[in-house]
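Chemist: Right, I'll just put the structure down here and ask away after.
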Amino acid sequence: MTRVLRAENITSSCGVTPLIRYIIKHTSVIWISFTLILSWLIPLTQILNDSVNRTVIFEAPYEIGIMFVIPVCMLMAIRTFDYLTKEKATTFFHSLPYSRTKLFVVNGLTGFALIIVPLFFVSVMAMLVSLIKGTGVVLYFFALFGFLSSVCFYVYAFTILMVMLFSNKGSLFPMTAILFCYTEIMFFIINILLSNMYDINGVFTPSETGFFFLSPLRVCFTSRLRCDYIIGEKNYNYGFAFTNIEKVLPIELICGILMLALAYVLYRLRKSERSGEVVAFKSCRYIFKWGFSISLAMFMTLIFGITSVYNIKDISTKNLVICAIFVFFALILYMIAEMIISKKFNIFKKVTLELIPVLAVTLILSVLTVTDAFGIKNYVPEPENVKYLTVHIENKRDETLMVSTVTTIHINSDPDNLAMKKAFMDLHKRIVKEKPLKDVSDTMVEFIYYGENAYIDDRRYTIPKEYLDPVKLYIELRKDEKETIVHYGREFDIIDPTYYVRRFISFVMY
């Protein structure tokens, strides 16, 4: 509150200059540190480095830029509007001779300018370094500045919306970070839970065209940079391109504008006395409690449920235990969420009736899951929806088999491969229909389907070797191929933004 009171000179004029000066001073640690660190890591590093390596020229600025602007945008938005986390500070600012609209606009624009101006300064420095060293990548840094600016706008708008929803720093900081990664985390948890309940591999992988816009993490970290260079004796010819820009930029701009509009509406409706509460709006408390209980219950089920049934072979018993654990934690966590919001422990009478719909929803979800109501376990994509197909085959008793011990087959959308794709998809349908017993099976086969831009499905089965007879000829013709995906005439790797997190969790679990 002391620092806020230092801004009392703002009341001396109805102009916005004192307010802007206060915001600049209030956030000085963030934007000064951002400028110095980014200046050292991008243009100055390139001055001191004589390498023409693509990593130094293209990839380092891209990766450093996106890794820095995201946390800086979050901190800047929170710092600019942090007076909303304390009731006295909120009342003080709202008593100034400014309308709430002017406060919101001046705060928002000033905070965003303090991100963009340092970013522009660093970009200009990088362009000058490129001109001096003759690397010929001036246009690249110009494009990179535009790309990072769109990311800044998206993350900044997202964080401002979080500031309007959560009213104290104890809930604001963790909830902003959690919701930024929420969709990716939930996809990952649901995938593991359903995989164990259905006893299959790879239940659900979100398509970039369907759920892409729901995940801030995926929007910001999707691989969009491609660069090539040709090394000559005296000069270097560079080329670069940002992929998926036609899809990503509209998403960032449109979603950013919508989030800012919603944040503005909420700012106009906020009551000063709500500052300091966990959630600023009473209507949002039920969303918080339901989201908190169901989501965290899935996570607790992943930790305790999967470990409890790890050695149980009977699927029905596994499902019963997992569902019981999920329902139990959902009820407990709903009460904990109410305790967090009410800031007291005596909440049992208040939530008694509220627990009934929680119990009903969790039971319905459990029944729908164990009965495979949506046909997830036996799902095989339609051929017209499959752009590429990868088949991995691993034999456990290779001495008795005609095929290689490990075989990887990649089938693209060329007309010559239609018969091969149909043959392997027919094999998949036969496996799903006949459900061969694992006890009499000796060969692992995995089907990985790709759509236009991302995974559709991933299934792994253990089958008798005789199932491979109809496709044995294709196996011999196409084994040991390089694992790449061809898209628009180029080869590239599909990058999942949570790849390393998934690898780490898999390592811990198994």
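Ligands are numbered from 1 in the order shown, residues from 1 within each chain, and chains are lettered A, B, ... in the order they appear in the structure tokens.
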Quick one: which region 227-326 of chain A residues come within 12 Å of region 70-83 of chain A, and what is the nearest atom pair for each with the distance in Å to one decimal, counting only C-alpha atoms, rows ordered by chain and ascending number, as a Markdown table?

Modeler:
```
| residue | atom | partner | partner_atom | distance |
| --- | --- | --- | --- | --- |
| A:Leu260 | CA | A:Ala77 | CA | 11.7 |
| A:Ala263 | CA | A:Phe81 | CA | 11.6 |
| A:Tyr267 | CA | A:Phe81 | CA | 10.5 |
| A:Ser272 | CA | A:Tyr83 | CA | 10.2 |
| A:Ser275 | CA | A:Tyr83 | CA | 8.7 |
| A:Gly276 | CA | A:Tyr83 | CA | 10.0 |
```

Chemist: From region 317-440 of chain A, collect each residue whose DSSP state is alpha helix (DSSP H) and return the set as a tab-separated table (two decimals) with C-alpha atoms, in the first residue's frame.

Modeler:
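Final file, result-v2.tsv:
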```
chain	number	residue	atom	x	y	z
A	317	THR	CA	-11.57	-54.59	-11.58
A	318	LYS	CA	-9.12	-51.91	-12.69
A	319	ASN	CA	-11.93	-49.68	-13.89
A	320	LEU	CA	-13.94	-50.11	-10.69
A	321	VAL	CA	-10.98	-49.07	-8.54
A	322	ILE	CA	-10.06	-46.13	-10.77
A	323	CYS	CA	-13.64	-44.82	-10.89
A	324	ALA	CA	-14.09	-45.16	-7.13
A	325	ILE	CA	-10.90	-43.17	-6.53
A	326	PHE	CA	-12.01	-40.50	-9.01
A	327	VAL	CA	-15.42	-40.05	-7.34
A	328	PHE	CA	-13.86	-39.97	-3.86
A	329	PHE	CA	-11.34	-37.27	-4.72
A	330	ALA	CA	-13.89	-35.19	-6.65
A	331	LEU	CA	-16.09	-34.93	-3.56
A	332	ILE	CA	-13.20	-34.20	-1.20
A	333	LEU	CA	-11.65	-31.60	-3.49
A	334	TYR	CA	-14.96	-29.82	-4.02
A	335	MET	CA	-15.14	-29.27	-0.26
A	336	ILE	CA	-11.52	-28.09	-0.23
A	337	ALA	CA	-12.32	-25.62	-3.02
A	338	GLU	CA	-15.17	-24.23	-0.92
A	339	MET	CA	-12.80	-23.90	2.05
A	340	ILE	CA	-10.36	-21.95	-0.12
A	341	ILE	CA	-13.05	-19.54	-1.29
A	342	SER	CA	-14.78	-19.17	2.10
A	348	PHE	CA	-20.01	-28.86	5.39
A	349	LYS	CA	-23.60	-27.62	5.85
A	350	LYS	CA	-23.15	-25.16	3.00
A	351	VAL	CA	-21.96	-27.72	0.44
A	355	LEU	CA	-22.17	-32.40	-3.43
A	356	ILE	CA	-25.17	-34.23	-4.93
A	357	PRO	CA	-24.66	-32.91	-8.51
A	358	VAL	CA	-20.89	-33.46	-8.14
A	359	LEU	CA	-21.53	-37.08	-7.22
A	360	ALA	CA	-24.00	-37.48	-10.09
A	361	VAL	CA	-21.66	-35.98	-12.70
A	362	THR	CA	-18.64	-38.03	-11.61
A	363	LEU	CA	-20.70	-41.23	-11.62
A	364	ILE	CA	-22.04	-40.47	-15.10
A	365	LEU	CA	-18.53	-39.76	-16.38
A	366	SER	CA	-17.32	-43.03	-14.88
A	367	VAL	CA	-20.14	-45.07	-16.43
A	368	LEU	CA	-19.67	-43.47	-19.86
A	369	THR	CA	-15.97	-44.23	-19.68
A	370	VAL	CA	-16.04	-47.85	-18.57
A	418	LEU	CA	-3.49	-46.52	-51.47
A	419	ALA	CA	-3.52	-50.31	-51.62
A	420	MET	CA	-0.87	-50.54	-48.92
A	421	LYS	CA	-2.69	-48.09	-46.64
A	422	LYS	CA	-5.95	-49.98	-47.07
A	423	ALA	CA	-4.26	-53.30	-46.31
A	424	PHE	CA	-2.81	-52.08	-43.01
A	425	MET	CA	-6.05	-50.34	-42.03
A	426	ASP	CA	-7.91	-53.60	-42.74
A	427	LEU	CA	-5.41	-55.30	-40.45
A	428	HIS	CA	-6.23	-52.76	-37.75
A	429	LYS	CA	-9.98	-53.35	-38.19
A	430	ARG	CA	-9.46	-57.11	-37.95
A	431	ILE	CA	-7.53	-56.74	-34.70
A	432	VAL	CA	-10.25	-54.53	-33.23
A	433	LYS	CA	-12.98	-56.93	-34.30
A	434	GLU	CA	-11.39	-60.23	-33.27
```

Chemist: Between CA of Leu249 (chain A) and CA of Ser150 (chain A), what is the distance, to one decimal in Å?

Modeler: 6.8 Å

Chemist: Quick one, how far is CA of Phe158 (chain A) from CA of Arg270 (chain A)?

Modeler: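 Straight-line distance from CA of Phe158 (chain A) to CA of Arg270 (chain A) works out to 17.5 Å.
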
Chemist: From the list A:Leu269, A:Leu477, A:Ile294, A:Ile178, which residue is nearest Lys282 (chain A) when using only C-alpha atoms?

Modeler: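 Ranked by minimum distance to Lys282 (chain A), first place goes to A:Leu269.
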
Chemist: Taking into account only C-alpha atoms, which residue in the set A:Tyr474, A:Phe240, A:Phe58, A:Phe447 is nearest to Ile393 (chain A)?

Modeler: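 Using only C-alpha atoms, the shortest distance to Ile393 (chain A) belongs to A:Phe447.
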
Chemist: Neighbouring residues of region 241-244 of chain A were defined as those with any atom within 8 Å, considering only C-alpha atoms; residues of the same chain fewer than 5 positions away were excluded. Please report them as a PDB file with N, CA and C atoms, in the first residue's frame.

Modeler:
```
ATOM      1  N   SER A 223       5.704 -24.990 -33.253  1.00  0.00           N
ATOM      2  CA  SER A 223       6.877 -24.715 -34.083  1.00  0.00           C
ATOM      3  C   SER A 223       6.447 -23.996 -35.351  1.00  0.00           C
ATOM      4  N   ARG A 224       6.945 -22.754 -35.524  1.00  0.00           N
ATOM      5  CA  ARG A 224       6.551 -21.961 -36.674  1.00  0.00           C
ATOM      6  C   ARG A 224       7.750 -21.466 -37.485  1.00  0.00           C
ATOM      7  N   LEU A 225       8.946 -21.905 -37.134  1.00  0.00           N
ATOM      8  CA  LEU A 225      10.132 -21.400 -37.818  1.00  0.00           C
ATOM      9  C   LEU A 225      10.773 -22.486 -38.672  1.00  0.00           C
ATOM     10  N   ARG A 226      11.014 -22.147 -39.932  1.00  0.00           N
ATOM     11  CA  ARG A 226      11.815 -23.019 -40.795  1.00  0.00           C
ATOM     12  C   ARG A 226      12.859 -22.139 -41.466  1.00  0.00           C
ATOM     13  N   CYS A 227      14.115 -22.566 -41.439  1.00  0.00           N
ATOM     14  CA  CYS A 227      15.162 -21.776 -42.057  1.00  0.00           C
ATOM     15  C   CYS A 227      16.194 -22.690 -42.715  1.00  0.00           C
TER      16      CYS A 227
END
```

Chemist: Ranking A:Leu258, A:Met125, A:Leu148, A:Val278 by minimum distance to Ser171 (chain A) and counting only C-alpha atoms, which one comes first?

Modeler: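 That would be A:Val278, the residue with the smallest distance to Ser171 (chain A).
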
Chemist: When DSSP is applied to the backbone of this structure, which of region 137-278 of chain A are assigned strand (DSSP E or B)? Write them out as number ranges by chain.

Modeler: A: 166, 225-231, 236-242

Chemist: Write out the residues from the selection above, keeping N, CA and C atoms, as a PDB file, in the first residue's frame.

Modeler:
```pdb
ATOM      1  N   PHE A 166      -9.206 -13.305 -10.747  1.00  0.00           N
ATOM      2  CA  PHE A 166      -8.655 -13.722  -9.455  1.00  0.00           C
ATOM      3  C   PHE A 166      -8.162 -12.487  -8.706  1.00  0.00           C
ATOM      4  N   LEU A 225       8.946 -21.905 -37.134  1.00  0.00           N
ATOM      5  CA  LEU A 225      10.132 -21.400 -37.818  1.00  0.00           C
ATOM      6  C   LEU A 225      10.773 -22.486 -38.672  1.00  0.00           C
ATOM      7  N   ARG A 226      11.014 -22.147 -39.932  1.00  0.00           N
ATOM      8  CA  ARG A 226      11.815 -23.019 -40.795  1.00  0.00           C
ATOM      9  C   ARG A 226      12.859 -22.139 -41.466  1.00  0.00           C
ATOM     10  N   CYS A 227      14.115 -22.566 -41.439  1.00  0.00           N
ATOM     11  CA  CYS A 227      15.162 -21.776 -42.057  1.00  0.00           C
ATOM     12  C   CYS A 227      16.194 -22.690 -42.715  1.00  0.00           C
ATOM     13  N   ASP A 228      16.692 -22.274 -43.845  1.00  0.00           N
ATOM     14  CA  ASP A 228      17.700 -23.015 -44.598  1.00  0.00           C
ATOM     15  C   ASP A 228      18.835 -22.060 -44.962  1.00  0.00           C
ATOM     16  N   TYR A 229      20.019 -22.583 -45.091  1.00  0.00           N
ATOM     17  CA  TYR A 229      21.134 -21.758 -45.532  1.00  0.00           C
ATOM     18  C   TYR A 229      22.078 -22.585 -46.400  1.00  0.00           C
ATOM     19  N   ILE A 230      22.727 -21.909 -47.321  1.00  0.00           N
ATOM     20  CA  ILE A 230      23.670 -22.542 -48.235  1.00  0.00           C
ATOM     21  C   ILE A 230      25.040 -21.942 -47.971  1.00  0.00           C
ATOM     22  N   ILE A 231      26.010 -22.766 -47.665  1.00  0.00           N
ATOM     23  CA  ILE A 231      27.343 -22.281 -47.327  1.00  0.00           C
ATOM     24  C   ILE A 231      28.193 -22.226 -48.591  1.00  0.00           C
ATOM     25  N   TYR A 236      27.048 -16.230 -47.851  1.00  0.00           N
ATOM     26  CA  TYR A 236      26.080 -17.168 -47.307  1.00  0.00           C
ATOM     27  C   TYR A 236      24.685 -16.732 -47.744  1.00  0.00           C
ATOM     28  N   ASN A 237      23.949 -17.656 -48.258  1.00  0.00           N
ATOM     29  CA  ASN A 237      22.588 -17.381 -48.697  1.00  0.00           C
ATOM     30  C   ASN A 237      21.611 -18.014 -47.698  1.00  0.00           C
ATOM     31  N   TYR A 238      20.802 -17.172 -47.066  1.00  0.00           N
ATOM     32  CA  TYR A 238      19.900 -17.655 -46.038  1.00  0.00           C
ATOM     33  C   TYR A 238      18.451 -17.539 -46.500  1.00  0.00           C
ATOM     34  N   GLY A 239      17.652 -18.435 -46.049  1.00  0.00           N
ATOM     35  CA  GLY A 239      16.229 -18.346 -46.279  1.00  0.00           C
ATOM     36  C   GLY A 239      15.502 -18.717 -45.000  1.00  0.00           C
ATOM     37  N   PHE A 240      14.362 -18.130 -44.754  1.00  0.00           N
ATOM     38  CA  PHE A 240      13.611 -18.456 -43.544  1.00  0.00           C
ATOM     39  C   PHE A 240      12.121 -18.347 -43.843  1.00  0.00           C
ATOM     40  N   ALA A 241      11.337 -18.991 -43.035  1.00  0.00           N
ATOM     41  CA  ALA A 241       9.888 -18.904 -43.173  1.00  0.00           C
ATOM     42  C   ALA A 241       9.255 -19.287 -41.850  1.00  0.00           C
ATOM     43  N   PHE A 242       8.174 -18.599 -41.486  1.00  0.00           N
ATOM     44  CA  PHE A 242       7.385 -18.966 -40.320  1.00  0.00           C
ATOM     45  C   PHE A 242       6.188 -19.763 -40.813  1.00  0.00           C
TER      46      PHE A 242
END
```

Chemist: For Asn191 (chain A), list every protein, DNA or RNA residue within 7 Å, evaluated using only C-alpha atoms, and leave out those in the same chain fewer than 3 positions away; present the list as a list in words.

Modeler: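 Listed by chain and then number, they are Phe187, Phe188, Leu194, Ser195, Gly202, Val203 and Phe204 of chain A.
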
Chemist: Which residues, written as a PyMOL selection string, have at least one atom at most 8 Å from Glu252 (chain A), with only C-alpha atoms counted and residues fewer than 4 positions away on the same chain left out?

Modeler: chain A and resi 150-151+153-154+219+248+256

Chemist: What is the distance between CA of Cys220 (chain A) and CA of Ile448 (chain A), in Å to one decimal?

Modeler: 25.5 Å

Chemist: So that I can see what lies close to Asn201 (chain A), please list as a list of chain:residue names the residues with an atom at most 9 Å from it, counting only C-alpha atoms and leaving out residues fewer than 2 positions away in the same chain.

Modeler: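 The filter keeps A:Asn191, A:Ile192, A:Ser195, A:Asn196, A:Tyr198, A:Asp199, A:Val203, A:Glu446, A:Asp458, A:Arg459, A:Arg460, A:Tyr461.
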